[in-house]
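Engineer: Coordinates in start36.tsv, TSV, C-alpha atoms, are listed below.
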chain	number	residue	atom	x	y	z
A	1	MET	CA	22.79	16.40	-47.47
A	2	LYS	CA	24.68	19.66	-46.98
A	3	ASN	CA	21.62	21.64	-45.94
A	4	SER	CA	21.19	21.82	-42.16
A	5	ASN	CA	17.39	21.83	-42.49
A	6	ASP	CA	17.55	18.59	-44.46
A	7	PHE	CA	19.72	17.10	-41.74
A	8	LYS	CA	17.28	18.14	-39.04
A	9	GLN	CA	14.38	16.55	-40.89
A	10	TRP	CA	16.42	13.38	-41.37
A	11	PHE	CA	17.41	13.33	-37.70
A	12	GLU	CA	13.89	13.91	-36.39
A	13	LYS	CA	12.53	11.08	-38.55
A	14	LEU	CA	15.28	8.72	-37.39
A	15	TYR	CA	14.75	9.69	-33.77
A	16	LYS	CA	10.98	9.33	-33.97
A	17	ASN	CA	11.27	5.78	-35.31
A	18	ARG	CA	14.04	4.72	-32.94
A	19	GLY	CA	13.97	1.49	-30.98
A	20	ASN	CA	15.12	0.98	-27.43
A	21	TYR	CA	18.54	-0.69	-27.48
A	22	THR	CA	18.43	-2.04	-23.95
A	23	ASP	CA	14.93	-3.45	-24.53
A	24	PHE	CA	16.26	-5.13	-27.67
A	25	LEU	CA	19.10	-6.71	-25.67
A	26	ARG	CA	16.80	-7.79	-22.84
A	27	ASN	CA	14.49	-9.52	-25.28
A	28	LEU	CA	17.38	-11.57	-26.64
A	29	VAL	CA	18.37	-12.58	-23.12
A	30	LYS	CA	14.82	-13.55	-22.15
A	31	THR	CA	14.43	-15.82	-25.15
A	32	HIS	CA	17.67	-17.75	-24.62
A	33	ARG	CA	19.00	-19.90	-21.80
A	34	TYR	CA	22.59	-18.65	-21.96
A	35	THR	CA	24.09	-15.21	-22.45
A	36	VAL	CA	27.62	-15.38	-23.86
A	37	PHE	CA	30.11	-12.56	-24.48
A	38	TYR	CA	32.53	-13.46	-27.27
A	39	GLY	CA	35.96	-11.94	-26.64
A	40	CYS	CA	37.84	-11.58	-23.35
A	41	GLY	CA	40.14	-8.69	-24.30
A	42	ASN	CA	40.11	-4.94	-23.69
A	43	ILE	CA	36.53	-4.38	-24.83
A	44	PHE	CA	35.10	-7.10	-22.59
A	45	GLU	CA	35.63	-5.53	-19.15
A	46	PRO	CA	34.02	-2.09	-19.67
A	47	THR	CA	31.16	-3.64	-21.63
A	48	GLN	CA	30.58	-6.18	-18.87
A	49	ARG	CA	30.43	-3.40	-16.27
A	50	ALA	CA	27.97	-1.39	-18.34
A	51	TRP	CA	25.89	-4.52	-18.88
A	52	GLU	CA	25.72	-5.36	-15.19
A	53	LYS	CA	24.91	-1.76	-14.24
A	54	TYR	CA	22.23	-1.01	-16.81
A	55	MET	CA	20.91	-4.42	-17.89
A	56	GLY	CA	20.71	-6.18	-14.54
A	57	THR	CA	20.93	-9.66	-16.10
A	58	PRO	CA	23.79	-12.16	-15.67
A	59	ILE	CA	26.41	-13.12	-18.24
A	60	ASP	CA	26.71	-16.89	-18.16
A	61	PHE	CA	29.93	-17.37	-20.12
A	62	CYS	CA	32.57	-15.54	-22.05
A	63	CYS	CA	34.23	-17.18	-25.02
A	64	ASP	CA	37.54	-16.66	-26.77
A	65	GLN	CA	39.61	-18.27	-29.53
A	66	ASN	CA	42.75	-18.16	-27.36
A	67	PRO	CA	43.23	-21.63	-25.76
A	68	GLN	CA	45.16	-20.07	-22.87
A	69	LYS	CA	41.94	-18.38	-21.71
A	70	TRP	CA	39.73	-21.48	-21.75
A	71	GLY	CA	38.58	-22.54	-18.28
A	72	LYS	CA	39.77	-19.32	-16.66
A	73	HIS	CA	37.49	-16.71	-15.15
A	74	PHE	CA	37.38	-13.08	-16.29
A	75	ASN	CA	35.74	-10.81	-13.73
A	76	GLY	CA	34.05	-13.89	-12.32
A	77	ILE	CA	32.83	-15.22	-15.66
A	78	LYS	CA	34.10	-18.54	-16.99
A	79	CYS	CA	35.68	-18.54	-20.44
A	80	ILE	CA	34.66	-21.42	-22.70
A	81	SER	CA	36.10	-22.49	-26.03
A	82	PRO	CA	34.31	-21.96	-29.35
A	83	GLU	CA	33.69	-25.72	-29.51
A	84	GLU	CA	31.96	-25.58	-26.13
A	85	LEU	CA	29.89	-22.66	-27.34
A	86	PHE	CA	28.83	-24.52	-30.46
A	87	LYS	CA	27.46	-27.34	-28.28
A	88	ILE	CA	25.01	-24.89	-26.65
A	89	LYS	CA	24.51	-22.57	-29.61
A	90	GLU	CA	20.79	-23.27	-29.98
A	91	GLU	CA	20.21	-22.11	-26.40
A	92	SER	CA	22.60	-19.15	-26.49
A	93	THR	CA	22.51	-15.52	-27.49
A	94	VAL	CA	26.04	-14.34	-28.26
A	95	PHE	CA	27.27	-10.76	-27.96
A	96	ILE	CA	30.55	-9.87	-29.67
A	97	THR	CA	33.09	-7.88	-27.63
A	98	VAL	CA	36.10	-7.73	-29.95
A	99	ASN	CA	37.33	-5.06	-32.34
A	100	ASP	CA	36.99	-7.30	-35.42
A	101	ALA	CA	33.25	-7.67	-34.82
A	102	ALA	CA	32.41	-8.25	-38.48
A	103	GLY	CA	34.96	-11.05	-38.78
A	104	VAL	CA	33.74	-12.78	-35.63
A	105	TYR	CA	30.11	-12.34	-36.71
A	106	LYS	CA	30.88	-14.12	-39.99
A	107	TYR	CA	32.75	-16.90	-38.16
A	108	LEU	CA	29.89	-17.56	-35.73
A	109	LYS	CA	27.27	-17.48	-38.46
A	110	GLU	CA	29.30	-19.94	-40.53
A	111	ASN	CA	29.19	-22.24	-37.51
A	112	LYS	CA	25.39	-21.98	-37.35
A	113	VAL	CA	25.11	-19.76	-34.27
A	114	ASP	CA	21.72	-18.17	-34.83
A	115	SER	CA	21.58	-15.34	-32.27
A	116	VAL	CA	24.66	-13.14	-32.79
A	117	ASN	CA	24.90	-9.41	-32.14
A	118	VAL	CA	27.57	-6.86	-31.34
A	119	VAL	CA	27.13	-5.37	-27.88
A	120	TYR	CA	28.17	-1.74	-27.56
A	121	ASN	CA	29.25	-0.33	-24.21
A	122	TYR	CA	28.33	3.24	-25.14
A	123	GLY	CA	25.11	2.05	-26.73
A	124	ILE	CA	24.00	0.57	-23.41
A	125	VAL	CA	25.05	3.65	-21.45
A	126	SER	CA	23.50	6.06	-23.94
A	127	SER	CA	20.13	4.35	-24.30
A	128	ARG	CA	18.52	6.18	-21.38
A	129	TYR	CA	20.13	9.46	-22.37
A	130	LEU	CA	18.77	9.24	-25.91
A	131	SER	CA	15.28	8.38	-24.71
A	132	LYS	CA	15.03	11.82	-23.07
A	133	LEU	CA	16.77	13.96	-25.67
A	134	GLU	CA	15.57	17.56	-25.38
A	135	SER	CA	15.07	20.02	-28.21
A	136	ALA	CA	18.09	22.09	-27.14
A	137	GLU	CA	20.29	19.01	-27.49
A	138	ILE	CA	18.82	18.23	-30.90
A	139	ASP	CA	19.65	21.79	-31.96
A	140	LYS	CA	23.28	21.24	-30.89
A	141	ILE	CA	23.46	18.08	-32.96
A	142	CYS	CA	22.15	19.94	-36.00
A	143	GLN	CA	24.52	22.86	-35.40
A	144	THR	CA	27.46	20.47	-35.29
A	145	TYR	CA	26.52	18.95	-38.63
A	146	ASN	CA	26.37	22.46	-40.06
A	147	ILE	CA	29.93	23.41	-38.99
A	148	LEU	CA	31.64	20.29	-40.32
A	149	GLU	CA	34.05	21.11	-43.12
A	150	ASP	CA	33.84	18.23	-45.59
A	151	ASP	CA	31.58	15.46	-46.83
A	152	LYS	CA	33.67	12.79	-45.13
A	153	SER	CA	33.02	14.45	-41.75
A	154	ARG	CA	29.32	14.92	-42.44
A	155	ASN	CA	28.87	11.34	-43.62
A	156	LEU	CA	30.68	10.06	-40.53
A	157	PHE	CA	28.57	12.23	-38.24
A	158	ARG	CA	25.37	10.85	-39.76
A	159	ALA	CA	26.74	7.33	-39.32
A	160	ILE	CA	27.53	8.04	-35.65
A	161	ILE	CA	24.02	9.36	-35.02
A	162	THR	CA	22.48	6.43	-36.90
A	163	HIS	CA	24.57	3.97	-34.91
A	164	PHE	CA	23.49	5.30	-31.54
A	165	ILE	CA	19.82	5.87	-32.33
A	166	ASP	CA	19.28	2.62	-34.25
A	167	THR	CA	22.09	0.41	-32.97
A	168	GLN	CA	20.44	-2.96	-33.53
A	169	ASN	CA	20.00	-2.31	-37.26
A	170	ASN	CA	23.36	-0.61	-37.81
A	171	GLN	CA	25.83	-2.74	-35.90
A	172	PHE	CA	28.73	-2.43	-38.35
A	173	ILE	CA	28.14	1.02	-39.81
A	174	LEU	CA	31.16	2.66	-38.15
A	175	SER	CA	33.63	0.05	-39.39
A	176	GLY	CA	33.14	1.43	-42.88
A	177	PHE	CA	34.66	4.74	-41.76
A	178	SER	CA	37.75	3.40	-40.01
A	179	GLU	CA	41.06	4.81	-41.25
A	180	ASN	CA	44.68	4.86	-40.18
A	181	ASN	CA	46.93	7.74	-39.07
A	182	GLN	CA	45.04	8.62	-35.92
A	183	TYR	CA	45.87	12.21	-34.83
A	184	PHE	CA	47.77	12.85	-38.08
A	185	PRO	CA	45.40	12.16	-41.03
A	186	PRO	CA	47.27	13.44	-44.10
A	187	ASP	CA	44.20	15.01	-45.69
A	188	ILE	CA	43.82	17.30	-42.66
A	189	ILE	CA	47.09	17.62	-40.75
A	190	SER	CA	50.38	18.87	-42.21
A	191	LEU	CA	53.32	18.70	-39.83
A	192	SER	CA	56.38	20.95	-40.08
A	193	GLU	CA	59.89	20.68	-38.66
A	194	HIS	CA	59.01	23.26	-36.02
A	195	GLU	CA	56.08	21.74	-34.17
A	196	SER	CA	55.52	22.42	-30.50
A	197	PHE	CA	53.27	19.48	-29.73
A	198	VAL	CA	51.11	18.95	-26.64
A	199	ASP	CA	50.30	15.32	-25.90
A	200	ALA	CA	47.52	15.27	-23.29
A	201	GLY	CA	47.03	11.66	-22.30
A	202	ALA	CA	50.51	10.58	-23.34
A	203	TYR	CA	49.98	7.08	-21.91
A	204	THR	CA	53.24	5.14	-22.37
A	205	GLY	CA	54.50	7.04	-25.41
A	206	ASP	CA	52.55	5.56	-28.31
A	207	THR	CA	51.66	8.97	-29.78
A	208	LEU	CA	55.19	10.21	-29.10
A	209	ILE	CA	56.70	7.49	-31.29
A	210	GLN	CA	54.10	8.09	-33.99
A	211	PHE	CA	54.86	11.82	-33.93
A	212	LEU	CA	58.64	11.35	-34.10
A	213	GLN	CA	58.23	9.14	-37.14
A	214	ALA	CA	55.91	11.64	-38.80
A	215	VAL	CA	58.37	14.53	-38.37
A	216	SER	CA	61.54	12.44	-38.87
A	217	ASP	CA	62.72	13.46	-35.38
A	218	ARG	CA	62.73	17.16	-36.33
A	219	PHE	CA	60.58	19.34	-34.05
A	220	ASP	CA	60.86	22.22	-31.59
A	221	ASN	CA	59.10	20.95	-28.46
A	222	TYR	CA	57.06	18.03	-27.18
A	223	TYR	CA	55.05	18.46	-23.97
A	224	ALA	CA	53.65	15.18	-22.63
A	225	PHE	CA	51.04	15.02	-19.84
A	226	GLU	CA	50.23	11.70	-18.16
A	227	LEU	CA	48.57	11.51	-14.76
A	228	ASP	CA	48.86	7.77	-14.03
A	229	ASN	CA	52.12	6.98	-12.18
A	230	VAL	CA	52.63	3.54	-13.73
A	231	ASN	CA	52.12	4.84	-17.26
A	232	PHE	CA	54.33	7.82	-16.52
A	233	LYS	CA	57.25	5.65	-15.42
A	234	THR	CA	57.04	3.65	-18.64
A	235	LEU	CA	56.83	6.86	-20.64
A	236	HIS	CA	59.80	8.33	-18.79
A	237	ASN	CA	61.95	5.27	-19.43
A	238	LYS	CA	61.01	5.27	-23.09
A	239	VAL	CA	62.06	8.90	-23.45
A	240	LEU	CA	65.39	8.23	-21.73
A	241	ASN	CA	66.17	5.64	-24.39
A	242	LEU	CA	65.50	8.01	-27.28
A	243	LYS	CA	68.42	9.52	-29.14
A	244	ILE	CA	66.58	12.82	-29.27
A	245	ASN	CA	65.03	13.76	-25.95
A	246	SER	CA	66.29	17.21	-25.01
A	247	ASN	CA	63.15	18.92	-26.35
A	248	ILE	CA	60.74	16.49	-24.70
A	249	VAL	CA	59.21	17.69	-21.42
A	250	LEU	CA	57.22	15.27	-19.28
A	251	TYR	CA	54.52	16.17	-16.75
A	252	ASN	CA	53.22	13.57	-14.30
A	253	LYS	CA	49.93	15.44	-14.28
A	254	GLY	CA	46.61	15.35	-16.05
A	255	VAL	CA	45.05	18.35	-17.75
A	256	TRP	CA	41.78	19.83	-16.57
A	257	SER	CA	39.70	23.00	-16.35
A	258	GLU	CA	41.49	24.02	-13.14
A	259	THR	CA	44.65	23.17	-11.23
A	260	THR	CA	43.70	20.80	-8.43
A	261	THR	CA	43.71	17.17	-7.28
A	262	ILE	CA	41.11	14.77	-8.65
A	263	ASN	CA	40.03	11.16	-8.36
A	264	TYR	CA	40.30	8.78	-11.29
A	265	SER	CA	40.06	5.12	-12.24
A	266	PHE	CA	42.32	3.39	-14.71
A	267	GLY	CA	41.73	0.68	-17.28
A	268	ASP	CA	42.66	-0.06	-20.88
A	269	LEU	CA	39.36	1.14	-22.30
A	270	SER	CA	37.45	2.10	-19.19
A	271	SER	CA	39.39	4.83	-17.41
A	272	ALA	CA	37.43	7.70	-15.92
A	273	ILE	CA	38.53	11.14	-14.78
A	274	GLY	CA	36.77	12.65	-11.79
A	275	VAL	CA	35.65	9.36	-10.24
A	276	GLY	CA	37.54	6.42	-8.78
A	277	GLU	CA	39.82	5.44	-5.94
A	278	LYS	CA	43.09	6.84	-7.29
A	279	THR	CA	44.11	10.48	-6.94
A	280	ALA	CA	46.27	12.60	-9.20
A	281	SER	CA	47.32	16.18	-9.82
A	282	VAL	CA	45.81	18.03	-12.75
A	283	ILE	CA	46.71	21.39	-14.23
A	284	THR	CA	45.37	23.70	-16.90
A	285	LEU	CA	47.37	23.96	-20.10
A	286	ASP	CA	47.01	27.73	-19.83
A	287	GLU	CA	48.99	27.59	-16.59
A	288	ALA	CA	51.45	24.84	-17.50
A	289	LEU	CA	52.38	26.32	-20.88
A	290	ALA	CA	51.59	29.99	-20.32
A	291	GLU	CA	54.80	31.28	-21.91
A	292	LYS	CA	55.34	28.43	-24.37
A	293	ASP	CA	54.71	28.21	-28.09
A	294	VAL	CA	52.07	25.63	-28.96
A	295	SER	CA	51.36	24.55	-32.54
A	296	PHE	CA	49.38	21.32	-32.00
A	297	ILE	CA	47.29	19.89	-29.14
A	298	LYS	CA	46.22	16.24	-28.97
A	299	MET	CA	43.87	15.03	-26.22
A	300	ASP	CA	42.83	11.50	-25.34
A	301	ILE	CA	41.98	11.79	-21.66
A	302	GLU	CA	39.07	9.49	-20.89
A	303	GLY	CA	36.18	11.94	-21.06
A	304	ALA	CA	37.97	14.95	-19.59
A	305	GLU	CA	38.54	16.54	-23.00
A	306	LEU	CA	35.91	19.27	-22.74
A	307	ASP	CA	37.13	20.33	-19.28
A	308	ALA	CA	40.74	20.32	-20.50
A	309	LEU	CA	39.82	22.45	-23.51
A	310	LYS	CA	38.28	24.97	-21.13
A	311	GLY	CA	41.60	25.01	-19.27
A	312	ALA	CA	43.42	25.71	-22.55
A	313	LYS	CA	41.11	28.36	-23.98
A	314	ASN	CA	43.67	31.19	-23.74
A	315	ILE	CA	46.33	29.22	-25.62
A	316	ILE	CA	43.79	28.16	-28.22
A	317	LYS	CA	42.41	31.66	-28.75
A	318	ARG	CA	45.85	33.26	-28.87
A	319	GLN	CA	47.92	30.71	-30.81
A	320	LYS	CA	45.22	28.83	-32.76
A	321	PRO	CA	47.07	25.49	-32.74
A	322	ALA	CA	45.92	22.50	-34.73
A	323	LEU	CA	43.73	20.26	-32.56
A	324	ALA	CA	43.13	16.50	-32.43
A	325	ILE	CA	40.58	15.90	-29.67
A	326	CYS	CA	39.00	12.53	-28.89
A	327	VAL	CA	35.22	12.76	-28.74
A	328	TYR	CA	34.22	9.13	-28.16
A	329	HIS	CA	34.30	8.83	-24.37
A	330	ASN	CA	30.92	10.53	-23.85
A	331	LEU	CA	28.07	10.46	-26.37
A	332	GLN	CA	27.43	14.20	-26.19
A	333	ASP	CA	31.14	15.01	-26.70
A	334	ARG	CA	30.56	14.28	-30.38
A	335	TRP	CA	28.68	17.55	-30.69
A	336	GLU	CA	29.60	19.57	-27.60
A	337	ILE	CA	33.36	19.50	-28.26
A	338	PRO	CA	33.21	20.61	-31.93
A	339	LEU	CA	30.82	23.41	-30.98
A	340	TYR	CA	33.02	24.56	-28.09
A	341	ILE	CA	36.13	24.59	-30.27
A	342	LYS	CA	34.31	26.62	-32.91
A	343	SER	CA	33.13	29.08	-30.25
A	344	LEU	CA	36.74	29.72	-29.20
A	345	VAL	CA	38.09	30.26	-32.71
A	346	PRO	CA	35.36	30.79	-35.33
A	347	GLU	CA	37.97	30.57	-38.11
A	348	TYR	CA	38.71	26.92	-37.29
A	349	LYS	CA	37.80	24.34	-39.89
A	350	ILE	CA	36.23	21.37	-38.07
A	351	TYR	CA	36.61	17.76	-39.17
A	352	LEU	CA	35.66	14.35	-37.80
A	353	ARG	CA	37.51	11.11	-38.48
A	354	HIS	CA	37.08	7.58	-37.06
A	355	HIS	CA	39.99	5.24	-36.35
A	356	SER	CA	38.63	1.84	-35.32
A	357	ASN	CA	36.15	-0.84	-36.37
A	358	TYR	CA	34.23	-0.33	-33.14
A	359	GLU	CA	32.59	2.69	-31.50
A	360	TYR	CA	35.88	3.96	-30.06
A	361	GLU	CA	38.54	6.31	-31.48
A	362	THR	CA	36.49	9.10	-33.04
A	363	VAL	CA	38.56	12.30	-33.20
A	364	CYS	CA	37.59	15.92	-33.83
A	365	TYR	CA	40.25	17.82	-35.77
A	366	ALA	CA	40.48	21.60	-36.02
A	367	LYS	CA	42.83	23.77	-38.01
A	368	ILE	CA	43.04	27.23	-39.48
Can the structure in the file be given as structure tokens, please?
Structural biologist:
Amino acid sequence: MKNSNDFKQWFEKLYKNRGNYTDFLRNLVKTHRYTVFYGCGNIFEPTQRAWEKYMGTPIDFCCDQNPQKWGKHFNGIKCISPEELFKIKEESTVFITVNDAAGVYKYLKENKVDSVNVVYNYGIVSSRYLSKLESAEIDKICQTYNILEDDKSRNLFRAIITHFIDTQNNQFILSGFSENNQYFPPDIISLSEHESFVDAGAYTGDTLIQFLQAVSDRFDNYYAFELDNVNFKTLHNKVLNLKINSNIVLYNKGVWSETTTINYSFGDLSSAIGVGEKTASVITLDEALAEKDVSFIKMDIEGAELDALKGAKNIIKRQKPALAICVYHNLQDRWEIPLYIKSLVPEYKIYLRHHSNYEYETVCYAKI
């Protein structure tokens, strides 16, 4: 399906026949006595918050295979063991909130749990948005499909759209596209010994270590931006312990469309830029690195990617660095970010890759 007209016809048919994801979830809750979330890790908390905000129905229990969690409360919800769950399985609808959703689904089905589904945080949040999709937004979706460079990107994009429009019938579709080497997929990115790398959303140095391994510690510059103070201290200490650190520059700032102070919230999978009780300094990359060489920009900044790209437009237009930009924090980022990047540098080749078994970790890559 390389033809954009074919894609539009496919999309319009899929959209016309869509179900309502939140209605689907509510029906499961209404027909069962207990609502159980399976998995009390990183995915649980943001999904619980989305559920309580948009669903308005209680979660009775959470469940986990880790015995140390049994009997404890997570955000006010008691964690039960799988054996306890199996005793009430006929009265329960279970929603999976772990990365290995397919594995847990198989395990629960083997233990005769009848009502099992994956619950998707972004699916809940996006349900209302998708129900009012305007023609201009549909055009953007079709335009994005048309600018993607290879079949792998186009197939992934169709899977993403299918997942969000028809979630209940395509719960595991994205797991089939998961691959390793996030930010540095070898079929797209070729690193040299003279990279000047920008790490926006450096966290505690996970991408830094991955980069150093990929270039065998040979590079020109590494510019790391991390706005959270706790993360920054860990990052700073990690850099101090590296044998090679003279070309690593750390900024205890976020990146944004302007230089200012913003609010933010922080969580493993549920951080948000622009809202929250914490405050931090943000800066544009155009200002921070105005006179610097930049060969590669990576961004994973909790939904602030489009704003940060706008604050880096001069660098991008002038130097045309390779880009690895996360597009999974907001549904519309999956098409708005690729289109914006292409508008800055029409020569860019645009790719999409997915790096998890869940709905997270979709990255837009761009290179000349």
Engineer: Would you please work out which residue, of A:Phe157, A:Phe211, A:Phe219, A:Tyr360, is nearest to Pro185 of chain A when using only C-alpha atoms?
Structural biologist: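 Between A:Phe157, A:Phe211, A:Phe219, A:Tyr360, the residue approaching Pro185 of chain A most closely is A:Phe211.
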Engineer: Could you please determine the separation between atom CA of Ile188 of chain A and atom CA of Val327 of chain A in Å, to one decimal place?
Structural biologist: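 Between atom CA of Ile188 of chain A and atom CA of Val327 of chain A the gap is 17.0 Å.
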Engineer: Near segment 221-228 of chain A, counting all atoms listed in the file, which residues have an atom at most 7 Å away, once you skip same-chain residues fewer than 2 positions from it, shown as an MDAnalysis selection string?
Structural biologist: chainID A and resid 195:203 219 230:232 247:254 280:281
Engineer: Residues within 7 Å of (40.0, 13.6, -39.5), file coordinates, counting only C-alpha atoms: what are they? Give the list as JSON, numbers by chain.
Structural biologist: {"A": [185, 188, 351, 352, 353, 363, 364, 365]}
Engineer: For Lys243 of chain A, work out the shell of residues within 12 Å, counting all atoms listed in the file and skipping chain neighbours fewer than 5 positions away, then give it as an NGL selection string.
Structural biologist: :A and (212 or 217-218 or 238 or 248)
Engineer: Between A:Ser192, A:Ser356, A:Ser131, A:Ser4, which one has atoms that come closest to Arg158 of chain A, using only C-alpha atoms?
Structural biologist: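 Result for the nearest residue to Arg158 of chain A: A:Ser4.
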Engineer: Excluding same-chain residues fewer than 3 positions from Lys367 of chain A, what lies within 9 Å of it counting only C-alpha atoms, as a compact mmCIF listing (two decimals) with C-alpha atoms, in the coordinates of the input?
Structural biologist:
# COMPACT_ATOMS: atom_id res chain seq x y z
CA ILE A 188 43.82 17.30 -42.66
CA ILE A 189 47.09 17.62 -40.75
CA LYS A 320 45.22 28.83 -32.76
CA PRO A 321 47.07 25.49 -32.74
CA ALA A 322 45.92 22.50 -34.73
CA LEU A 323 43.73 20.26 -32.56
CA GLU A 347 37.97 30.57 -38.11
CA TYR A 348 38.71 26.92 -37.29
CA LYS A 349 37.80 24.34 -39.89
CA ILE A 350 36.23 21.37 -38.07
CA TYR A 351 36.61 17.76 -39.17
Engineer: I want to know what sits within 10 Å of Asp307 of chain A, based on all atoms listed in the file, with residues of the same chain fewer than 4 positions away left out; could you give that as a ChimeraX atom specification?
Structural biologist: /A:255-258,284,303,311-312,337
